[in-house]
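Student: Structure file input-v4.csv, CSV, C-alpha atoms, is pasted below:
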```
chain,number,residue,atom,x,y,z
A,13,MET,CA,-16.5,39.8,25.6
A,14,ALA,CA,-14.3,36.8,26.6
A,15,SER,CA,-11.1,37.6,28.4
A,16,ILE,CA,-7.7,36.4,27.3
A,17,GLN,CA,-7.6,33.6,29.8
A,18,GLU,CA,-11.0,32.4,28.7
A,19,LYS,CA,-9.8,32.3,25.1
A,20,ILE,CA,-6.8,30.3,26.1
A,21,ALA,CA,-9.0,27.9,28.0
A,22,ALA,CA,-11.3,27.5,25.0
A,23,ALA,CA,-8.3,26.8,22.7
A,24,LEU,CA,-7.0,24.1,25.1
A,25,VAL,CA,-10.3,22.3,25.0
A,26,HIS,CA,-9.5,21.4,21.4
A,27,LYS,CA,-6.1,20.3,22.4
A,28,ASP,CA,-7.5,17.8,24.9
A,29,GLN,CA,-10.0,16.5,22.3
A,30,GLY,CA,-7.0,16.1,20.0
A,31,ASN,CA,-5.2,14.0,22.6
A,32,GLU,CA,-8.2,11.7,23.0
A,33,SER,CA,-8.5,11.2,19.3
A,34,TYR,CA,-4.7,10.4,19.1
A,35,LYS,CA,-5.1,7.8,21.9
A,36,GLN,CA,-7.9,6.2,19.9
A,37,GLY,CA,-5.8,6.0,16.8
A,38,ASP,CA,-7.7,8.7,14.9
A,39,MET,CA,-4.9,10.7,13.5
A,40,LYS,CA,-7.1,12.7,11.2
A,41,GLY,CA,-9.4,13.7,14.0
A,42,ALA,CA,-6.5,14.5,16.2
A,43,LEU,CA,-4.9,16.8,13.6
A,44,THR,CA,-8.2,18.6,13.1
A,45,GLU,CA,-8.5,19.4,16.8
A,46,TYR,CA,-4.8,20.4,17.1
A,47,HIS,CA,-5.2,22.7,14.1
A,48,LEU,CA,-8.1,24.5,15.7
A,49,THR,CA,-6.0,24.9,18.8
A,50,VAL,CA,-3.2,26.4,16.8
A,51,LEU,CA,-5.5,28.8,15.1
A,52,ALA,CA,-6.9,30.0,18.4
A,53,LEU,CA,-3.6,30.4,20.1
A,54,SER,CA,-1.9,31.9,17.1
A,55,GLY,CA,-4.6,34.5,17.0
A,56,LEU,CA,-3.9,35.4,20.6
A,57,ASP,CA,-0.2,35.4,19.9
A,58,ASN,CA,-0.7,37.9,17.1
A,59,GLN,CA,-3.0,39.9,19.4
A,60,MET,CA,-0.3,40.1,22.0
A,61,SER,CA,2.1,41.6,19.4
A,62,GLY,CA,-0.5,44.1,18.3
A,63,MET,CA,-1.3,45.2,21.9
A,64,ALA,CA,2.4,45.6,22.7
A,65,MET,CA,2.9,47.8,19.6
A,66,MET,CA,-0.1,50.0,20.3
A,67,SER,CA,1.1,50.4,23.9
A,68,LEU,CA,4.5,51.4,22.8
A,69,MET,CA,3.3,53.8,20.2
A,70,SER,CA,0.8,55.5,22.5
A,71,SER,CA,3.1,55.6,25.5
A,72,MET,CA,0.2,54.6,27.6
A,73,ALA,CA,-0.1,52.1,30.4
A,74,PRO,CA,-1.3,48.6,29.4
A,75,GLN,CA,-5.0,48.6,28.7
A,76,LYS,CA,-7.5,46.5,30.5
A,77,GLY,CA,-7.5,42.9,29.2
A,78,ALA,CA,-3.9,43.1,27.9
A,79,VAL,CA,-2.0,39.9,27.9
A,80,SER,CA,0.3,39.4,30.9
A,81,ASP,CA,3.8,37.9,30.7
A,82,SER,CA,2.6,34.7,32.3
A,83,GLN,CA,-0.2,34.4,29.6
A,84,LYS,CA,2.3,35.1,26.9
A,85,SER,CA,4.5,32.3,28.2
A,86,GLU,CA,1.4,30.0,28.5
A,87,ILE,CA,0.4,30.6,24.9
A,88,LYS,CA,3.9,30.0,23.5
A,89,THR,CA,4.4,26.9,25.6
A,90,ASN,CA,1.0,25.4,24.5
A,91,LEU,CA,1.7,26.2,20.9
A,92,ALA,CA,5.0,24.3,21.0
A,93,VAL,CA,3.2,21.3,22.7
A,94,VAL,CA,0.4,21.2,20.2
A,95,TYR,CA,2.9,21.4,17.2
A,96,ALA,CA,4.9,18.6,18.8
A,97,ASN,CA,1.7,16.6,19.1
A,98,MET,CA,0.9,17.2,15.4
A,99,ALA,CA,4.4,15.9,14.6
A,100,ALA,CA,3.5,12.6,16.4
A,101,CYS,CA,0.4,12.3,14.2
A,102,HIS,CA,2.5,12.9,11.0
A,103,LEU,CA,5.1,10.3,12.2
A,104,LYS,CA,2.3,7.7,12.7
A,105,SER,CA,1.0,8.5,9.2
A,106,GLY,CA,4.5,8.4,7.6
A,107,ASN,CA,4.4,12.1,6.5
A,108,TYR,CA,7.9,12.8,7.6
A,109,LYS,CA,8.5,16.1,5.9
A,110,ARG,CA,5.3,17.6,7.4
A,111,ALA,CA,6.4,16.3,10.8
A,112,ILE,CA,9.7,18.2,10.4
A,113,ASP,CA,7.8,21.3,9.5
A,114,VAL,CA,5.6,21.3,12.5
A,115,CYS,CA,8.6,20.5,14.8
A,116,ASN,CA,10.3,23.6,13.4
A,117,SER,CA,7.3,25.6,14.3
A,118,ALA,CA,7.2,24.1,17.8
A,119,LEU,CA,10.9,25.0,18.4
A,120,LYS,CA,10.3,28.5,17.1
A,121,SER,CA,7.8,29.0,19.9
A,122,ASP,CA,9.8,27.1,22.5
A,123,PRO,CA,13.5,26.2,21.6
A,124,ASP,CA,13.8,24.0,24.6
A,125,ASN,CA,10.9,21.7,23.7
A,126,VAL,CA,12.4,18.2,24.0
A,127,LYS,CA,9.6,16.3,22.3
A,128,ALA,CA,9.7,18.6,19.3
A,129,LYS,CA,13.5,18.1,18.8
A,130,PHE,CA,13.2,14.3,19.5
A,131,ARG,CA,10.4,13.9,17.0
A,132,ARG,CA,12.2,16.0,14.4
A,133,GLY,CA,15.2,13.7,14.8
A,134,GLN,CA,12.9,10.7,14.3
A,135,ALA,CA,11.3,12.3,11.2
A,136,LYS,CA,14.7,13.2,9.7
A,137,LEU,CA,16.0,9.6,10.3
A,138,GLN,CA,13.0,8.1,8.5
A,139,ASP,CA,13.3,10.6,5.7
A,140,GLY,CA,16.9,9.7,5.1
A,141,ASN,CA,18.5,12.8,6.6
A,142,LEU,CA,20.9,10.9,8.8
A,143,ALA,CA,23.2,13.8,9.5
A,144,GLY,CA,20.3,16.0,10.6
A,145,ALA,CA,18.8,13.3,12.8
A,146,GLU,CA,22.2,12.7,14.5
A,147,ALA,CA,22.5,16.4,15.2
A,148,ASP,CA,19.1,16.5,16.9
A,149,PHE,CA,19.7,13.4,19.0
A,150,GLU,CA,23.2,14.4,20.0
A,151,SER,CA,21.9,17.8,21.1
A,152,LEU,CA,19.5,16.1,23.5
A,153,GLY,CA,22.0,13.6,24.9
A,154,GLU,CA,21.5,9.9,25.6
A,155,LYS,CA,20.0,10.6,29.0
A,156,VAL,CA,16.8,11.6,27.3
A,157,PRO,CA,14.6,8.5,27.1
A,158,GLY,CA,14.6,7.0,23.6
A,159,VAL,CA,17.6,8.8,22.3
A,160,LYS,CA,20.0,5.9,22.6
A,161,ALA,CA,17.7,3.6,20.8
A,162,GLU,CA,17.3,6.1,18.0
A,163,LEU,CA,21.0,6.5,17.7
A,164,ASP,CA,21.4,2.7,17.4
A,165,LYS,CA,18.9,2.8,14.5
A,166,LEU,CA,20.8,5.6,12.9
A,167,LYS,CA,24.1,3.7,13.1
A,168,LYS,CA,22.5,0.7,11.5
A,169,LYS,CA,20.9,2.8,8.7
A,170,SER,CA,24.3,4.5,8.1
A,171,LYS,CA,26.1,1.2,7.8
A,172,GLU,CA,23.4,-0.1,5.4
A,173,ALA,CA,23.8,3.1,3.3
A,174,GLU,CA,27.6,2.7,3.1
A,175,GLU,CA,27.3,-0.9,2.1
A,176,LYS,CA,24.8,-0.1,-0.7
A,177,GLN,CA,27.1,2.7,-1.9
A,178,ARG,CA,30.1,0.4,-1.9
A,179,LYS,CA,28.2,-2.2,-4.0
A,180,THR,CA,26.9,0.4,-6.4
A,181,MET,CA,30.4,1.8,-6.9
A,182,GLY,CA,31.9,-1.7,-7.3
A,183,GLY,CA,29.3,-2.5,-10.0
A,184,PHE,CA,30.0,0.8,-11.8
A,185,LEU,CA,33.8,0.2,-11.9
A,186,SER,CA,33.2,-3.4,-13.1
A,187,ARG,CA,31.0,-2.2,-15.9
A,188,GLY,CA,33.6,0.4,-16.9
A,189,ARG,CA,36.5,-2.0,-17.1
A,190,ILE,CA,37.9,-2.7,-20.6
A,191,SER,CA,38.1,-6.4,-21.3
A,192,THR,CA,41.3,-7.8,-22.9
A,193,ALA,CA,41.9,-10.9,-25.0
A,194,GLU,CA,43.1,-12.7,-21.9
A,195,ASP,CA,39.8,-11.9,-20.2
A,196,GLU,CA,37.8,-13.2,-23.1
A,197,GLN,CA,39.9,-16.4,-23.3
A,198,GLU,CA,39.4,-16.9,-19.6
A,199,GLU,CA,35.7,-16.4,-19.9
A,200,ASN,CA,35.5,-18.9,-22.8
A,201,GLU,CA,37.4,-21.5,-20.7
A,202,LYS,CA,35.0,-21.0,-17.8
A,203,GLU,CA,32.1,-21.6,-20.1
A,204,LEU,CA,33.6,-24.8,-21.6
A,205,SER,CA,34.5,-26.1,-18.1
A,206,ALA,CA,30.9,-25.4,-16.9
A,207,ALA,CA,29.4,-27.1,-19.9
A,208,ALA,CA,31.6,-30.2,-19.5
A,209,SER,CA,30.7,-30.5,-15.8
A,210,SER,CA,27.0,-30.1,-16.4
A,211,GLY,CA,26.8,-32.3,-19.5
A,212,THR,CA,25.3,-29.6,-21.7
A,213,PRO,CA,26.7,-28.7,-25.0
A,214,SER,CA,29.0,-25.7,-24.9
A,215,LYS,CA,28.8,-22.6,-27.0
A,216,THR,CA,31.0,-22.5,-30.1
A,217,VAL,CA,33.9,-20.2,-29.4
A,218,PRO,CA,33.9,-17.7,-32.2
A,219,LYS,CA,37.1,-17.5,-34.2
A,220,SER,CA,39.1,-14.4,-33.9
A,221,LYS,CA,38.9,-11.9,-36.8
A,222,PRO,CA,41.9,-11.9,-39.2
A,223,THR,CA,44.3,-9.1,-38.7
A,224,LEU,CA,45.6,-6.8,-41.4
A,225,ALA,CA,49.0,-8.5,-41.3
A,226,SER,CA,47.5,-11.9,-41.9
A,227,LYS,CA,45.5,-10.6,-44.8
A,228,ILE,CA,48.7,-9.2,-46.4
A,229,ASN,CA,50.6,-12.5,-45.9
A,230,SER,CA,47.7,-14.4,-47.4
A,231,ALA,CA,47.6,-12.1,-50.5
A,232,ASN,CA,51.4,-12.5,-51.0
A,233,SER,CA,51.2,-16.2,-50.7
A,234,GLN,CA,48.4,-16.3,-53.3
A,235,SER,CA,50.4,-14.2,-55.7
A,236,ARG,CA,53.4,-16.5,-55.5
A,237,LYS,CA,51.4,-19.7,-56.5
A,238,PRO,CA,52.4,-21.1,-60.0
A,239,LYS,CA,49.9,-20.8,-62.8
A,240,ALA,CA,48.0,-23.9,-63.7
A,241,SER,CA,49.6,-25.9,-66.7
A,242,GLU,CA,47.6,-27.0,-69.8
A,243,GLU,CA,47.3,-30.5,-68.4
A,244,GLU,CA,45.6,-29.3,-65.2
A,245,GLU,CA,41.8,-29.6,-65.0
A,246,TYR,CA,40.0,-26.4,-65.9
A,247,THR,CA,37.9,-25.0,-63.1
A,248,PRO,CA,35.3,-22.5,-64.3
A,249,THR,CA,34.9,-19.3,-62.4
A,250,TRP,CA,31.6,-17.5,-61.9
A,251,SER,CA,30.7,-13.8,-61.8
A,252,GLY,CA,28.6,-12.5,-59.0
A,253,THR,CA,25.6,-12.4,-61.2
A,254,ALA,CA,25.3,-16.1,-62.1
A,255,PRO,CA,24.5,-18.8,-59.5
A,256,LYS,CA,27.1,-21.6,-59.0
A,257,ILE,CA,26.2,-25.1,-60.2
A,258,GLN,CA,26.5,-26.5,-56.8
A,259,GLU,CA,24.2,-24.0,-55.3
A,260,LEU,CA,21.6,-24.8,-58.0
A,261,ALA,CA,21.9,-28.5,-57.3
A,262,ASP,CA,21.5,-28.1,-53.5
A,263,GLY,CA,18.5,-25.9,-53.8
A,264,GLU,CA,17.1,-23.7,-51.0
A,265,GLU,CA,17.3,-24.9,-47.4
```
Could you write out this structure as structure tokens?

Tutor:
Amino acid sequence: MASIQEKIAAALVHKDQGNESYKQGDMKGALTEYHLTVLALSGLDNQMSGMAMMSLMSSMAPQKGAVSDSQKSEIKTNLAVVYANMAACHLKSGNYKRAIDVCNSALKSDPDNVKAKFRRGQAKLQDGNLAGAEADFESLGEKVPGVKAELDKLKKKSKEAEEKQRKTMGGFLSRGRISTAEDEQEENEKELSAAASSGTPSKTVPKSKPTLASKINSANSQSRKPKASEEEEYTPTWSGTAPKIQELADGEE
């Protein structure tokens, strides 16, 4: 039966093969090898927990083949490294949410893993989580290679987002503004001026609708007109059911 150290060594063979696939640009192949590494190391990690529990319950000395503290540390450290490598593959593939997930797993095994936190910040930045990305980068500090460049990208993206929001809000407020008669007159004048300068015929400015007061004044003035005398020419009136003579003469257009 293979010892714990042999199992660790076998798992790390897949890690090395994953690294080679990554260098060759084969992200799918790299992820496959890294996944096999994670399965093997996670199995040992679970085995460690089981042995510790059995030892505690039986109050016996550690059995032969039990995982040592150095092996526990080696397993957790390599798990974090492999998860961070998986994050690099997902970043290359544009799968930012998955990159964030595996970085979280890496940091669970090793909270001090710099590459996992850096790549999580990169993934958050690309995914639009600017606040989360800034928090990750700031926690690392600008002395860490690449952090300053990423913070510069973040500031640029933040500025672009603010500008886009300002334009969106400006358009919203403009659409919600109530136009007045003065606004319409100004718009008509602009159209007439533009038409005159370009030599194209301008639009006919629609007449304003009569108001209630103008209708009343018109009705009063009509009622005050004198009736036609007998000498005045008789003008026939037509009901709505019979066509006017002029309309019949003109015919259909």

Student: Compare A:Lys19, A:Ala100, A:Ser54, A:Gly153 by their minimum atom-to-atom distance to A:Gly37, counting all atoms listed in the file, and give me the closest one.

Tutor: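 Checking each candidate against A:Gly37, we get A:Ala100 as the closest.
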
Student: If you measure from atom CA of A:Ala147 to atom CA of A:Gly106, what distance in Å do you get, rounded to one decimal?

Tutor: 21.1 Å

Student: Between A:Leu119, A:Ala21, A:Leu142, A:Cys101, single out the one closest to A:Gln36, counting only C-alpha atoms.

Tutor: A:Cys101

Student: I'd like to know which of A:Arg110, A:Lys88, A:Lys120, A:His102 is closest to A:Ala52, using all atoms listed in the file.

Tutor: A:Lys88

Student: Just to confirm, what's the straight-line distance from atom CA of A:Asn125 to atom CA of A:Val50 in Å (one decimal)?

Tutor: 16.4 Å

Student: Calculate how many Å separate atom CA of A:Leu163 from atom CA of A:Ser151, rounding to one decimal.

Tutor: 11.8 Å

Student: Of the residues A:Val93, A:Leu166, A:Leu56, A:Ala161, which is the one nearest to A:Asp124, using all atoms listed in the file?

Tutor: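 For A:Asp124, the nearest of the candidates is A:Val93.
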
Student: Which polymer residues have any atom within 12 Å of an atom of A:Asn97, counting all atoms listed in the file, with same-chain residues fewer than 6 positions away left out, as a VMD selection string?

Tutor: chain A and resid 27 to 28 30 to 35 39 42 to 47 49 to 50 90 to 91 103 to 104 111 to 112 114 to 115 117 to 118 125 to 132
